[in-house]
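Peer 1: Structure: my_file-v1.cif, mmCIF, C-alpha atoms and all ligand atoms.
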data_start
#
loop_
_atom_site.label_atom_id
_atom_site.label_comp_id
_atom_site.auth_asym_id
_atom_site.auth_seq_id
_atom_site.Cartn_x
_atom_site.Cartn_y
_atom_site.Cartn_z
CA MET Y 1 16.15 -35.54 11.81
CA GLU Y 2 19.22 -37.54 12.82
CA TRP Y 3 20.27 -37.70 9.15
CA SER Y 4 19.52 -33.99 8.85
CA ASP Y 5 22.00 -33.32 11.67
CA LYS Y 6 24.54 -35.58 10.02
CA HIS Y 7 24.27 -34.76 6.33
CA LEU Y 8 22.99 -31.22 5.91
CA MET Y 9 25.19 -28.18 6.31
CA THR Y 10 24.02 -26.36 9.40
CA PHE Y 11 23.04 -22.96 8.05
CA ALA Y 12 19.75 -22.60 9.93
CA LYS Y 13 18.55 -23.55 13.37
CA ARG Y 14 15.71 -25.87 12.42
CA TYR Y 15 12.59 -26.43 14.49
CA PRO Y 16 11.94 -30.06 15.46
CA VAL Y 17 9.11 -30.31 12.94
CA ALA Y 18 8.90 -31.68 9.39
CA LEU Y 19 6.09 -30.15 7.36
CA VAL Y 20 4.72 -32.58 4.79
CA ARG Y 21 1.44 -31.20 3.43
CA GLY Y 22 -0.36 -27.89 3.00
CA GLU Y 23 -3.73 -26.54 1.94
CA GLY Y 24 -4.64 -22.86 1.94
CA VAL Y 25 -3.47 -21.30 5.21
CA ARG Y 26 -2.92 -24.67 6.89
CA VAL Y 27 0.01 -27.12 6.95
CA TRP Y 28 0.46 -30.52 8.57
CA ASP Y 29 3.59 -32.10 10.04
CA SER Y 30 4.78 -35.71 9.72
CA ASP Y 31 2.84 -36.63 12.89
CA GLY Y 32 -0.39 -35.29 11.40
CA LYS Y 33 -0.47 -32.18 13.61
CA GLU Y 34 -2.18 -29.19 11.97
CA TYR Y 35 -0.79 -25.63 12.01
CA LEU Y 36 -1.96 -22.24 10.83
CA ASP Y 37 0.84 -20.99 8.60
CA PHE Y 38 1.41 -17.29 9.26
CA THR Y 39 4.96 -17.54 7.86
CA GLY Y 40 3.89 -18.19 4.27
CA GLY Y 41 7.28 -19.88 3.76
CA ILE Y 42 8.79 -16.43 4.58
CA ALA Y 43 6.32 -14.30 2.61
CA VAL Y 44 6.29 -16.65 -0.38
CA THR Y 45 2.98 -18.58 -0.55
CA ALA Y 46 0.73 -15.60 -1.25
CA LEU Y 47 -1.98 -17.83 -2.75
CA GLY Y 48 -1.69 -20.34 0.08
CA HIS Y 49 -0.60 -23.97 -0.19
CA SER Y 50 -1.77 -26.27 -3.01
CA HIS Y 51 -3.70 -23.54 -4.81
CA PRO Y 52 -5.63 -25.39 -7.56
CA ARG Y 53 -4.54 -23.00 -10.34
CA VAL Y 54 -0.87 -23.31 -9.31
CA VAL Y 55 -1.10 -27.10 -9.08
CA GLY Y 56 -2.83 -27.25 -12.50
CA THR Y 57 -0.21 -25.05 -14.20
CA MET Y 58 2.66 -27.02 -12.68
CA ARG Y 59 1.22 -30.35 -13.78
CA GLU Y 60 0.50 -29.13 -17.28
CA GLN Y 61 3.80 -27.30 -17.82
CA ALA Y 62 5.94 -30.09 -16.35
CA ALA Y 63 4.28 -32.53 -18.73
CA THR Y 64 4.72 -30.17 -21.72
CA LEU Y 65 8.13 -28.49 -21.43
CA LEU Y 66 10.00 -27.94 -18.18
CA HIS Y 67 13.23 -26.34 -19.27
CA VAL Y 68 14.90 -24.87 -22.32
CA SER Y 69 17.74 -22.37 -22.43
CA ASN Y 70 17.53 -18.64 -22.92
CA TYR Y 71 18.99 -19.02 -26.42
CA PHE Y 72 15.37 -19.64 -27.43
CA HIS Y 73 12.26 -17.54 -27.01
CA ILE Y 74 10.18 -18.78 -24.07
CA PRO Y 75 6.51 -17.77 -24.49
CA GLN Y 76 5.65 -18.00 -20.77
CA GLN Y 77 8.63 -15.79 -19.92
CA ILE Y 78 7.62 -13.19 -22.50
CA HIS Y 79 4.01 -13.15 -21.24
CA LEU Y 80 5.05 -12.81 -17.60
CA ALA Y 81 7.45 -9.97 -18.48
CA LYS Y 82 4.69 -8.16 -20.36
CA LEU Y 83 2.24 -8.63 -17.49
CA LEU Y 84 4.77 -7.30 -14.94
CA CYS Y 85 5.52 -4.30 -17.16
CA ASP Y 86 1.80 -3.63 -17.78
CA HIS Y 87 1.28 -3.49 -14.00
CA SER Y 88 4.36 -1.52 -12.93
CA PHE Y 89 6.72 1.34 -13.79
CA ALA Y 90 9.00 -1.02 -15.71
CA ASP Y 91 9.69 -1.56 -19.41
CA ARG Y 92 11.89 -4.66 -19.23
CA VAL Y 93 12.49 -7.70 -17.02
CA PHE Y 94 15.39 -10.11 -16.37
CA PHE Y 95 14.37 -13.40 -14.72
CA SER Y 96 16.58 -15.34 -12.32
CA ASN Y 97 16.00 -17.90 -9.55
CA SER Y 98 16.08 -16.09 -6.20
CA GLY Y 99 15.97 -12.76 -4.46
CA ALA Y 100 19.73 -12.60 -4.06
CA GLU Y 101 20.20 -13.15 -7.78
CA ALA Y 102 17.61 -10.50 -8.62
CA ASN Y 103 19.57 -8.07 -6.43
CA GLU Y 104 22.91 -9.12 -7.96
CA THR Y 105 21.44 -8.22 -11.34
CA ALA Y 106 20.20 -4.89 -9.98
CA ILE Y 107 23.68 -4.07 -8.64
CA LYS Y 108 25.32 -5.02 -11.95
CA LEU Y 109 22.75 -2.99 -13.92
CA ALA Y 110 23.19 0.07 -11.70
CA ARG Y 111 26.98 -0.05 -11.94
CA LYS Y 112 27.04 -0.51 -15.71
CA TRP Y 113 24.47 2.26 -16.17
CA ALA Y 114 26.49 4.61 -13.95
CA LYS Y 115 29.68 3.96 -15.89
CA GLU Y 116 27.95 4.58 -19.19
CA HIS Y 117 26.38 7.78 -17.82
CA GLY Y 118 29.30 9.35 -15.99
CA ALA Y 119 32.80 8.71 -14.79
CA SER Y 120 34.32 5.23 -15.08
CA ASP Y 121 34.87 5.08 -11.29
CA ARG Y 122 31.16 5.45 -10.49
CA GLY Y 123 29.93 2.25 -8.90
CA ASP Y 124 29.14 2.75 -5.21
CA ILE Y 125 25.75 1.61 -3.92
CA ILE Y 126 24.30 3.22 -0.79
CA THR Y 127 22.29 0.79 1.36
CA MET Y 128 20.51 1.08 4.70
CA ARG Y 129 21.44 -0.23 8.13
CA GLY Y 130 19.11 -3.03 9.20
CA GLY Y 131 18.32 -3.88 5.58
CA PHE Y 132 18.44 -7.33 4.02
CA HIS Y 133 19.28 -8.09 0.39
CA GLY Y 134 20.50 -11.71 0.29
CA ARG Y 135 23.37 -14.06 1.04
CA THR Y 136 25.60 -14.02 -2.03
CA LEU Y 137 28.82 -12.10 -1.47
CA ALA Y 138 27.62 -8.90 -3.13
CA THR Y 139 24.12 -8.97 -1.66
CA VAL Y 140 25.31 -9.90 1.83
CA THR Y 141 27.65 -6.91 1.59
CA ALA Y 142 24.70 -4.78 0.45
CA THR Y 143 23.02 -6.08 3.62
CA ALA Y 144 24.27 -3.52 6.13
CA GLN Y 145 24.28 -5.86 9.14
CA GLU Y 146 27.74 -6.98 10.28
CA LYS Y 147 26.36 -10.17 11.87
CA TYR Y 148 25.83 -11.55 8.35
CA HIS Y 149 29.38 -10.64 7.23
CA HIS Y 150 31.39 -12.22 10.01
CA GLY Y 151 33.92 -14.77 8.73
CA PHE Y 152 33.20 -14.17 5.04
CA GLU Y 153 35.73 -11.39 4.53
CA PRO Y 154 37.15 -10.12 2.25
CA LEU Y 155 33.85 -8.64 1.13
CA PRO Y 156 33.44 -6.97 -2.24
CA GLY Y 157 33.89 -3.18 -2.17
CA GLY Y 158 31.61 -0.43 -3.39
CA PHE Y 159 28.91 -0.34 -0.69
CA LYS Y 160 28.23 2.51 1.73
CA TYR Y 161 25.90 2.18 4.70
CA VAL Y 162 23.64 4.85 6.18
CA ALA Y 163 20.86 4.84 8.79
CA PHE Y 164 17.40 3.77 7.56
CA ASN Y 165 14.71 6.46 7.36
CA ASP Y 166 17.32 9.24 7.45
CA LEU Y 167 17.32 11.38 4.30
CA ARG Y 168 20.11 13.67 5.51
CA ALA Y 169 22.40 10.66 5.96
CA VAL Y 170 21.77 9.66 2.33
CA GLU Y 171 22.35 13.23 1.15
CA ARG Y 172 25.68 13.32 2.99
CA ALA Y 173 26.75 9.93 1.62
CA ILE Y 174 26.11 10.70 -2.06
CA ASP Y 175 29.28 11.73 -3.94
CA SER Y 176 30.74 11.55 -7.43
CA ARG Y 177 31.32 7.80 -7.10
CA THR Y 178 27.71 6.94 -6.20
CA ALA Y 179 25.76 4.87 -8.73
CA ALA Y 180 22.57 4.10 -6.82
CA VAL Y 181 20.61 4.02 -3.60
CA MET Y 182 19.20 0.57 -2.84
CA VAL Y 183 16.48 0.13 -0.21
CA GLU Y 184 13.53 -1.99 0.90
CA PRO Y 185 10.40 0.19 1.07
CA ILE Y 186 9.69 -1.57 4.39
CA GLN Y 187 12.55 -3.50 6.01
CA GLY Y 188 11.30 -7.07 6.42
CA GLU Y 189 14.02 -9.22 8.01
CA GLY Y 190 15.34 -6.16 9.83
CA GLY Y 191 12.20 -5.97 11.99
CA VAL Y 192 9.28 -4.81 9.77
CA ASN Y 193 10.54 -1.23 9.94
CA VAL Y 194 8.14 1.17 8.22
CA PRO Y 195 9.77 4.49 7.24
CA ASP Y 196 8.12 7.91 7.41
CA ASP Y 197 5.75 8.79 4.55
CA GLY Y 198 8.23 11.29 3.13
CA TYR Y 199 11.15 8.85 2.99
CA LEU Y 200 10.71 7.25 -0.46
CA PRO Y 201 9.68 10.54 -2.13
CA GLY Y 202 12.73 12.13 -0.45
CA LEU Y 203 15.02 9.39 -1.76
CA ARG Y 204 13.55 9.77 -5.25
CA LYS Y 205 14.29 13.50 -5.15
CA LEU Y 206 17.86 13.01 -3.89
CA CYS Y 207 18.54 10.43 -6.61
CA ASP Y 208 17.12 12.68 -9.34
CA GLU Y 209 19.15 15.66 -8.15
CA ALA Y 210 22.35 13.60 -8.07
CA GLY Y 211 21.63 11.79 -11.35
CA ILE Y 212 21.81 8.35 -9.71
CA LEU Y 213 19.41 5.37 -9.67
CA LEU Y 214 16.83 4.39 -7.08
CA VAL Y 215 16.71 0.61 -6.65
CA LEU Y 216 13.78 -0.77 -4.66
CA ASP Y 217 14.07 -4.27 -3.23
CA GLU Y 218 10.41 -5.38 -3.22
CA ILE Y 219 11.32 -9.04 -2.84
CA GLN Y 220 9.34 -9.22 0.41
CA THR Y 221 6.99 -6.22 0.06
CA GLY Y 222 5.92 -6.79 -3.56
CA MET Y 223 3.08 -8.79 -5.12
CA GLY Y 224 0.38 -7.27 -2.92
CA ARG Y 225 1.87 -8.06 0.50
CA THR Y 226 1.53 -4.51 1.86
CA GLY Y 227 -1.98 -3.86 0.51
CA LYS Y 228 -0.91 -2.48 -2.89
CA LEU Y 229 0.58 -4.50 -5.72
CA TRP Y 230 3.90 -2.69 -5.13
CA CYS Y 231 4.83 -1.03 -1.86
CA TYR Y 232 6.16 2.02 -3.79
CA GLU Y 233 2.55 2.84 -4.74
CA HIS Y 234 1.89 3.96 -1.14
CA ALA Y 235 4.57 6.63 -1.63
CA GLY Y 236 3.48 7.82 -5.08
CA VAL Y 237 6.94 7.51 -6.60
CA THR Y 238 8.53 4.95 -8.92
CA PRO Y 239 12.03 3.43 -8.87
CA ASP Y 240 14.47 2.95 -11.77
CA ILE Y 241 15.03 -0.70 -10.85
CA MET Y 242 12.88 -3.04 -8.74
CA THR Y 243 13.68 -6.57 -7.61
CA LEU Y 244 11.14 -9.34 -6.98
CA ALA Y 245 11.24 -13.00 -5.91
CA LYS Y 246 9.43 -14.77 -3.02
CA ALA Y 247 5.68 -14.67 -3.86
CA LEU Y 248 6.11 -14.23 -7.62
CA ALA Y 249 5.68 -17.96 -8.30
CA ASN Y 250 4.20 -18.95 -4.91
CA GLY Y 251 7.20 -21.15 -4.05
CA VAL Y 252 8.64 -22.20 -7.39
CA PRO Y 253 12.07 -20.55 -7.34
CA ILE Y 254 12.09 -17.33 -9.35
CA GLY Y 255 13.67 -13.89 -9.21
CA ALA Y 256 12.99 -10.85 -11.37
CA THR Y 257 14.79 -7.57 -11.93
CA LEU Y 258 12.59 -4.90 -13.49
CA ALA Y 259 13.91 -1.68 -15.00
CA THR Y 260 13.09 1.24 -17.23
CA ASP Y 261 14.21 1.05 -20.87
CA GLU Y 262 16.92 3.61 -20.23
CA VAL Y 263 18.55 1.47 -17.53
CA ALA Y 264 17.86 -1.92 -19.10
CA GLN Y 265 19.59 -1.01 -22.35
CA VAL Y 266 23.03 -1.33 -20.72
CA LEU Y 267 22.62 -5.09 -20.93
CA THR Y 268 23.65 -6.34 -24.34
CA PRO Y 269 24.16 -9.93 -25.55
CA GLY Y 270 26.81 -11.66 -23.48
CA THR Y 271 26.93 -9.14 -20.61
CA HIS Y 272 24.78 -11.17 -18.20
CA GLY Y 273 23.17 -14.60 -18.15
CA THR Y 274 21.44 -17.48 -16.41
CA THR Y 275 20.83 -21.17 -17.08
CA PHE Y 276 17.59 -21.68 -15.18
CA GLY Y 277 16.27 -18.11 -14.89
CA GLY Y 278 12.93 -17.60 -16.63
CA ASN Y 279 12.50 -21.23 -17.66
CA PRO Y 280 9.08 -22.42 -18.89
CA LEU Y 281 8.04 -24.01 -15.56
CA ALA Y 282 8.92 -21.08 -13.27
CA THR Y 283 7.47 -18.44 -15.58
CA ALA Y 284 4.32 -20.44 -16.37
CA VAL Y 285 3.65 -20.65 -12.64
CA GLY Y 286 4.60 -16.97 -12.21
CA LEU Y 287 2.09 -16.09 -14.91
CA THR Y 288 -0.66 -18.03 -13.13
CA VAL Y 289 0.24 -16.58 -9.73
CA PHE Y 290 0.48 -12.98 -10.92
CA SER Y 291 -2.75 -13.23 -12.97
CA THR Y 292 -4.54 -14.67 -9.93
CA LEU Y 293 -3.21 -11.90 -7.67
CA VAL Y 294 -4.58 -9.30 -10.06
CA GLU Y 295 -7.87 -11.02 -11.03
CA ASP Y 296 -8.77 -11.93 -7.43
CA ARG Y 297 -7.79 -8.44 -6.22
CA LEU Y 298 -5.53 -9.90 -3.57
CA PRO Y 299 -3.66 -6.65 -2.81
CA GLU Y 300 -7.00 -5.07 -1.77
CA ARG Y 301 -7.75 -8.17 0.28
CA ALA Y 302 -4.32 -7.91 1.93
CA ALA Y 303 -5.11 -4.30 2.87
CA ARG Y 304 -8.49 -5.33 4.35
CA MET Y 305 -7.23 -8.42 6.18
CA GLY Y 306 -4.12 -6.51 7.25
CA ARG Y 307 -6.27 -3.93 9.04
CA ILE Y 308 -8.08 -6.73 10.88
CA LEU Y 309 -4.79 -8.48 11.72
CA ILE Y 310 -3.10 -5.33 13.05
CA ASP Y 311 -6.23 -4.47 15.12
CA ARG Y 312 -6.26 -7.97 16.62
CA MET Y 313 -2.54 -7.77 17.41
CA ARG Y 314 -2.96 -4.34 19.00
CA ALA Y 315 -5.76 -5.83 21.12
CA ALA Y 316 -3.36 -8.65 22.08
CA GLN Y 317 -0.80 -5.95 22.98
CA GLN Y 318 -3.37 -4.32 25.31
CA LYS Y 319 -3.87 -7.63 27.11
CA SER Y 320 -0.17 -8.57 27.09
CA GLN Y 321 0.78 -6.81 30.34
CA GLY Y 322 3.69 -5.11 28.58
CA MET Y 323 5.02 -8.25 26.82
CA ILE Y 324 4.29 -6.71 23.40
CA THR Y 325 5.77 -3.21 23.27
CA GLU Y 326 4.91 -2.24 19.70
CA VAL Y 327 2.85 -3.51 16.76
CA ARG Y 328 3.61 -2.09 13.31
CA GLY Y 329 3.39 -2.96 9.65
CA ARG Y 330 1.42 -2.52 6.48
CA GLY Y 331 -1.07 -4.89 4.88
CA LEU Y 332 -0.19 -8.48 5.74
CA LEU Y 333 3.39 -7.76 6.87
CA ILE Y 334 3.23 -7.19 10.59
CA GLY Y 335 5.99 -6.92 13.19
CA MET Y 336 5.67 -6.92 16.97
CA ASP Y 337 8.45 -6.01 19.42
CA LEU Y 338 8.47 -8.41 22.35
CA VAL Y 339 9.92 -8.34 25.85
CA PRO Y 340 10.27 -12.12 26.31
CA PRO Y 341 12.83 -13.77 23.99
CA VAL Y 342 11.08 -14.05 20.61
CA GLY Y 343 12.30 -17.66 20.25
CA ASN Y 344 10.25 -18.65 23.31
CA VAL Y 345 7.11 -17.01 21.94
CA VAL Y 346 7.61 -18.58 18.49
CA SER Y 347 7.95 -22.02 20.15
CA ALA Y 348 4.88 -21.47 22.32
CA CYS Y 349 2.87 -20.44 19.24
CA ARG Y 350 4.07 -23.52 17.37
CA GLU Y 351 3.12 -25.81 20.26
CA ARG Y 352 -0.37 -24.33 20.06
CA GLY Y 353 -0.58 -24.74 16.27
CA LEU Y 354 0.51 -21.38 14.85
CA LEU Y 355 3.66 -20.85 12.77
CA VAL Y 356 5.19 -17.36 12.92
CA LEU Y 357 8.49 -15.73 11.93
CA THR Y 358 11.11 -13.72 13.76
CA ALA Y 359 12.62 -10.42 12.57
CA GLY Y 360 15.12 -7.83 13.76
CA ASP Y 361 16.51 -8.08 17.28
CA ASN Y 362 13.50 -9.41 19.17
CA ALA Y 363 10.44 -9.02 16.98
CA MET Y 364 7.82 -11.50 15.85
CA ARG Y 365 6.83 -11.24 12.16
CA LEU Y 366 3.55 -12.30 10.61
CA ALA Y 367 3.31 -12.81 6.84
CA PRO Y 368 0.30 -15.07 6.19
CA PRO Y 369 -0.92 -15.93 2.68
CA LEU Y 370 -2.92 -13.10 1.11
CA ILE Y 371 -5.93 -15.44 0.94
CA VAL Y 372 -6.13 -15.54 4.76
CA ASP Y 373 -9.64 -14.96 6.17
CA GLU Y 374 -10.98 -13.38 9.34
CA ALA Y 375 -11.59 -16.72 11.08
CA ALA Y 376 -7.91 -17.70 10.66
CA ILE Y 377 -6.81 -14.27 11.91
CA ASP Y 378 -9.05 -14.63 14.98
CA ARG Y 379 -7.60 -18.04 15.72
CA ALA Y 380 -4.04 -16.78 15.27
CA ALA Y 381 -4.69 -13.85 17.64
CA THR Y 382 -6.13 -16.19 20.28
CA ILE Y 383 -3.05 -18.43 19.98
CA VAL Y 384 -0.63 -15.46 20.25
CA GLU Y 385 -2.39 -14.33 23.45
CA ALA Y 386 -2.27 -17.87 24.90
CA ALA Y 387 1.40 -18.29 23.88
CA LEU Y 388 2.32 -15.06 25.68
CA ALA Y 389 0.49 -16.32 28.76
CA ASP Y 390 2.50 -19.58 28.49
CA CYS Y 391 5.75 -17.55 28.41
CA ARG Y 392 4.60 -15.45 31.36
CA GLY Y 393 3.75 -18.63 33.29
CA ALA Y 394 7.13 -20.20 32.45
CA ALA Y 395 8.98 -17.07 33.61
CA ALA Y 396 7.02 -16.85 36.91
C1 LIG Y 401 14.03 -7.88 1.05
C2 LIG Y 401 14.76 -9.13 0.68
N1 LIG Y 401 15.68 -9.08 -0.28
C3 LIG Y 401 16.35 -10.18 -0.66
C4 LIG Y 401 16.14 -11.41 -0.06
C5 LIG Y 401 16.91 -12.62 -0.50
O1 LIG Y 401 16.10 -13.49 -1.20
P1 LIG Y 401 16.52 -15.02 -1.43
O2 LIG Y 401 16.55 -15.68 -0.10
O3 LIG Y 401 15.46 -15.56 -2.36
O4 LIG Y 401 17.88 -15.00 -2.09
C6 LIG Y 401 15.18 -11.50 0.96
C7 LIG Y 401 14.95 -12.79 1.65
O5 LIG Y 401 14.46 -12.86 2.74
C8 LIG Y 401 14.48 -10.33 1.34
O6 LIG Y 401 13.56 -10.36 2.32
#
The structure in this file should be written as structure tokens.
Ligand SMILES: Cc1ncc(COP(=O)(O)O)c(C=O)c1O

Peer 2:
Amino acid sequence: MEWSDKHLMTFAKRYPVALVRGEGVRVWDSDGKEYLDFTGGIAVTALGHSHPRVVGTMREQAATLLHVSNYFHIPQQIHLAKLLCDHSFADRVFFSNSGAEANETAIKLARKWAKEHGASDRGDIITMRGGFHGRTLATVTATAQEKYHHGFEPLPGGFKYVAFNDLRAVERAIDSRTAAVMVEPIQGEGGVNVPDDGYLPGLRKLCDEAGILLVLDEIQTGMGRTGKLWCYEHAGVTPDIMTLAKALANGVPIGATLATDEVAQVLTPGTHGTTFGGNPLATAVGLTVFSTLVEDRLPERAARMGRILIDRMRAAQQKSQGMITEVRGRGLLIGMDLVPPVGNVVSACRERGLLVLTAGDNAMRLAPPLIVDEAAIDRAATIVEAALADCRGAAA
């Protein structure tokens, strides 16, 4: 930890814990202490830690062929693309290495499509306040939260911000320069903000009327997290472009930008590229992870376990003497507004053996693996209640 302080760039406030091993929903630190992992590595480890099929694929693929360039056909990449298309609205996929890169590709696709289908000055992307789309310069600018921009100016142009869950604001913002509306179906980092049922259908309609694209960032909500394979299924509409990352390869870095044929055709040889994206290792693991999600019906399980988790957290709210003011979410993505500083509650949970995330201004976020069971949820709820009591005691 001393070397960490000395040699790593300080981009995150790290907890005084080094995690060294994981199995299922549990992880262990370097002192051998066990934790329940309700962070899932920030909504990544959908199949839990050390899943035997993931471990097997990694071993086998690493020993066979780890990397080749995209100048060659990569069978695992082709199979994963076909599987994603078979299970979504999309016709074509571009693989990259992270969520930010998947969103960069979406922004480039939307702008190129808009220019080829309208005036040459069409390129603006409308994004939502409180959203989160990544840390590269374009995606951090797409992220309509000034706290992430500070010091990094000048930011790239071509982004317009409107309030989340406000269709009229989007309607007012659309003009002849607009290329696309880009939105998370549920805002994750921004506080697990669930919009009204009519929001996504309303956005779809506005985009269709204006002849612009709807880009859904399902990097956090996709792959079954909200109780359906894709969060857009709850709304009964489909996007033109969707971005994925996080859980797609259960922790092996991967990003994916999915699109309809009509949109995807704007990419021609030489217009975009990647060295690592879609390499045999990442896509072999993605193939195993996605097949397992589908075969083991993990979205349905997330819906079932999510109902239990939200009930337990609402029961904790009842007992919290006002320390939890709201519990919301869908499937296994749950947010809880707190009165005590969320950092204190997160620390108290960790002391008692439960790892949780923060979100928004003062919310706690739970995103356990989709394989979580009722016993783990019960234990987590008991720890949250005890941690709140610790914070109440400390404040008294
Ligand atoms: C909705 C959403 N989009 C994009 C990103 C950025 O992904 P990455 O950190 O892999 O670049 C995140 C990460 O938290 C996210 O939650």

Peer 1: Would you mind listing the residues within 7 Å of ligand LIG 401 (chain Y), counting only C-alpha atoms and all ligand atoms, as an MDAnalysis selection string?

Peer 2: chainID Y and resid 42 98:101 103 132:135 184 187:189 217:220 245:246

Peer 1: By how many Å are atom CA of Phe276 of chain Y and atom CA of Thr141 of chain Y apart?

Peer 2: 24.5 Å

Peer 1: Check the smallest atom-to-atom distance from each of Y:Thr105, Y:Thr143, Y:Thr275, Y:Thr283 to Thr257 of chain Y using all atoms listed in the file, then report the winner.

Peer 2: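 Looking at the shortest contact to Thr257 of chain Y, the residue is Y:Thr105.
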
Peer 1: Rank nothing, just name the residue among Y:Leu366, Y:Met242, Y:Ile78, Y:Val17 nearest to Ala284 of chain Y, using only C-alpha atoms.

Peer 2: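 Once distances to Ala284 of chain Y are computed over only C-alpha atoms, the minimum belongs to Y:Ile78.
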
Peer 1: Residues of segment 66-99 of chain Y that have any atom at most 9 Å from an atom of segment 285-288 of chain Y: could you tabulate them with the shortest-distance atom pair and the distance in Å to one decimal, using all atoms listed in the file, ordered by chain and increasing number, as a tab-separated table?

Peer 2:
residue	atom	partner	partner_atom	distance
Y:Gln76	CA	Y:Leu287	CA	7.1
Y:Gln77	CA	Y:Leu287	CA	8.2
Y:His79	CA	Y:Leu287	CA	7.2
Y:Leu80	CA	Y:Leu287	CA	5.2
Y:Ala81	CA	Y:Leu287	CA	8.9
Y:Leu83	CA	Y:Leu287	CA	7.9

Peer 1: Leaving out Arg365 of chain Y and any residue of its chain fewer than 4 positions from it, which residues lie within 9 Å of it when counting only C-alpha atoms, given as an NGL selection string?

Peer 2: :Y and (38-39 or 188-189 or 191-192 or 333-336 or 356-359)
